Amino acid sequence: MNSDVVIIGAGHNGLVCAFYLAAAGLKVTVLERRNIVGGAAVTEEFHPGFRNSTASYTVSLLQPKVIRDMDLHAHGLKIVERKAANFLPLNGRDYLLVGEGRTKAEVAKFSARDSDALDSYHRRLEALADVLRDLVLVTPPNVVAEGWLAALPEMLKSAAIGSKLSKLDMTLRRDLLAIFTRSAGELLDGWFESYPIKAVYGFDAVVGNYASPYTPGTGYVLLHHVFGEVNGKRGAWGHAIGGMGAITQAMAKAAHAKGVDIRLDVPVREVLIEDGRAVGATTESGETFRARAVVSNLNPKLLFEKLVDRAALPQDFVERIAAYRCGSATFRMNVALSQLPRFSCLPGDGDHMTAGIIMAPSLAYMERAYNDARVHGWSKEPIIEMLIPSTLDDSLAPKGAHVASLFCQHVAPTLPGGRSWDEHRDEVADLMIATVDKFAPGFKASVLGRQVFSPLDLERTFGLVGGDIMHGALTLDQLFSARPVLGHGNYRAPVKGLYMCGAGTHPGGGVTGAPGHNSAREILRDLKKR
């Protein structure tokens, strides 16, 4: 079968890329290994009568331009904001609840000085987030080995970006340098003295990041999680009614409306390469889909180590992909609950039940969790963020019952000593439930059923190598023009006609739609030239 473009993977970025290409008049075919579109952004029933966002579990980073262009609201998407941003239980008595209109008073319970510092901290962090927002939908300047004629357009891109950065005052330039190179712990220690507010903000630095909050570079991971918005409110986090699958179902409808052909249960065996050019994809059943361009929504390691003939790639590139770092220390659970949890420090229902509930009371606790995981394979006192989306969305659970997402860290992507995650999955799941029970006694008894994903399960099910929700670590050597490899940060692979549109390209992980948007622009530019 022939198309203009074949896309491998119907994750959200693959669907976004397909939409823009089809909207430009191209014939697009999407091949998806699973029996459902959405990649890691899906909603599935995991216990009779209970549905939840299976892997990705909350929304903020989805680009407003993508929402508008695809008219996702008209295709059924509705996003609601949490009633509070984050809830941090500290012990049986104390807690911190942050969100619009309440953070300053809450922080003042622990430190008047920190409460006074909040406005300045948020103002300067928001200015840095604006820098990132300006770059999210930009194709990074590419480092090229050809002569000055090929390099000139990339130099002009660099000059345009440099011009934007030159408008920052010296304070913000220094802040920008610090946030890309220093640890989140160092930065937060410089701003605040009380441990609860540092824990709430520092959690963003270890989300999907196998690192201590004091690891250099975690400052950027913190920034990466604050550039989003919900319904026009910057920095807010929310819930898609119907779960994260509601986003990708709306995207699939938008793509279908433009004529995109989405094939499910069609795993790809290899990228077909002829005379040094990608010309299609061959499935595991032996069917060939030929196209003028082939686009991968997969983790770069899966694409170049599993689907592309190594002989077609430069040796140095092969070595760089082998060294591309994945593994985000993530252990993911969904639980069906007979009732809402009851936290000792704040019993009963309330806005805190709609928040991201962070069970990691200090940066020191997070650092111990990381060190513990490196030695033992998982943290004896793990970091857990729990969301209870059924407090905002009654479509997910039977009346009176609830569902909860447990995003758990730190666990080693590969267990030391040659042990398998298959042997320890339930043991660690029991530990996660017991950890929540310490803060909310009775939680364990309320669990009716659970769905558990170790890092190995996340890789098998969703193609998240090492359980890496970001498709690769967000470190300075794997960002912007260097994502995934320097010289190929412009969504183009070393093989002509082969492109990348997944989170292993700029701007990285999260349900943003930006890599799919940006990749489509570059593909259209090349096909127009041809």
# chains A, B, ... in the order shown; residues from 1 in each chain; ligands from 1
>>> closest_atom_pairs(of="range 280-370 of chain A", to="range 444-465 of chain A", cutoff="6 Å", atoms="only C-alpha atoms", output="Markdown table")
| residue | atom | partner | partner_atom | distance |
| --- | --- | --- | --- | --- |
| A:Phe331 | CA | A:Ser454 | CA | 5.0 |
| A:Arg332 | CA | A:Phe453 | CA | 5.0 |
| A:Met333 | CA | A:Val452 | CA | 4.6 |
| A:Asn334 | CA | A:Gln451 | CA | 5.1 |
| A:Val335 | CA | A:Arg450 | CA | 4.3 |
| A:Ala336 | CA | A:Gly449 | CA | 5.1 |
| A:Leu337 | CA | A:Val447 | CA | 4.7 |
| A:Ser338 | CA | A:Ser446 | CA | 5.1 |
>>> write_last_selection(atoms="C-alpha atoms", output="compact mmCIF listing (two decimals), in the first residue's frame")
# COMPACT_ATOMS: atom_id res chain seq x y z
CA PHE A 331 6.80 2.55 39.17
CA ARG A 332 3.22 3.19 38.12
CA MET A 333 0.01 1.93 39.77
CA ASN A 334 -3.73 2.41 39.39
CA VAL A 335 -5.94 1.38 42.30
CA ALA A 336 -9.69 0.91 42.69
CA LEU A 337 -10.90 2.22 46.07
CA SER A 338 -14.05 1.51 48.04
>>> select_by_dssp(residues="range 303-485 of chain A", states="strand (DSSP E or B)", output="ChimeraX atom specification")
/A:331-337,343,346,356-359,378-387,402-411,447-453
>>> residues_around(residues="range 517-528 of chain A", least_positions_apart="5", cutoff="6 Å", atoms="only C-alpha atoms", output="list in words")
Cys17, Leu21, Tyr491 and Cys501 of chain A
>>> residues_around(residues="Gln339 in chain A", least_positions_apart="3", cutoff="7 Å", atoms="only C-alpha atoms", output="list in words")
Gly400, Ala401, His402 and Ser446 of chain A
>>> select_by_dssp(residues="range 175-399 of chain A", states="helix (DSSP H, G or I)", output="PyMOL selection string")
chain A and resi 175-181+184-191+195-206+218-224+245-257+300-307+310-312+315-323+351-354+363-376+389-391
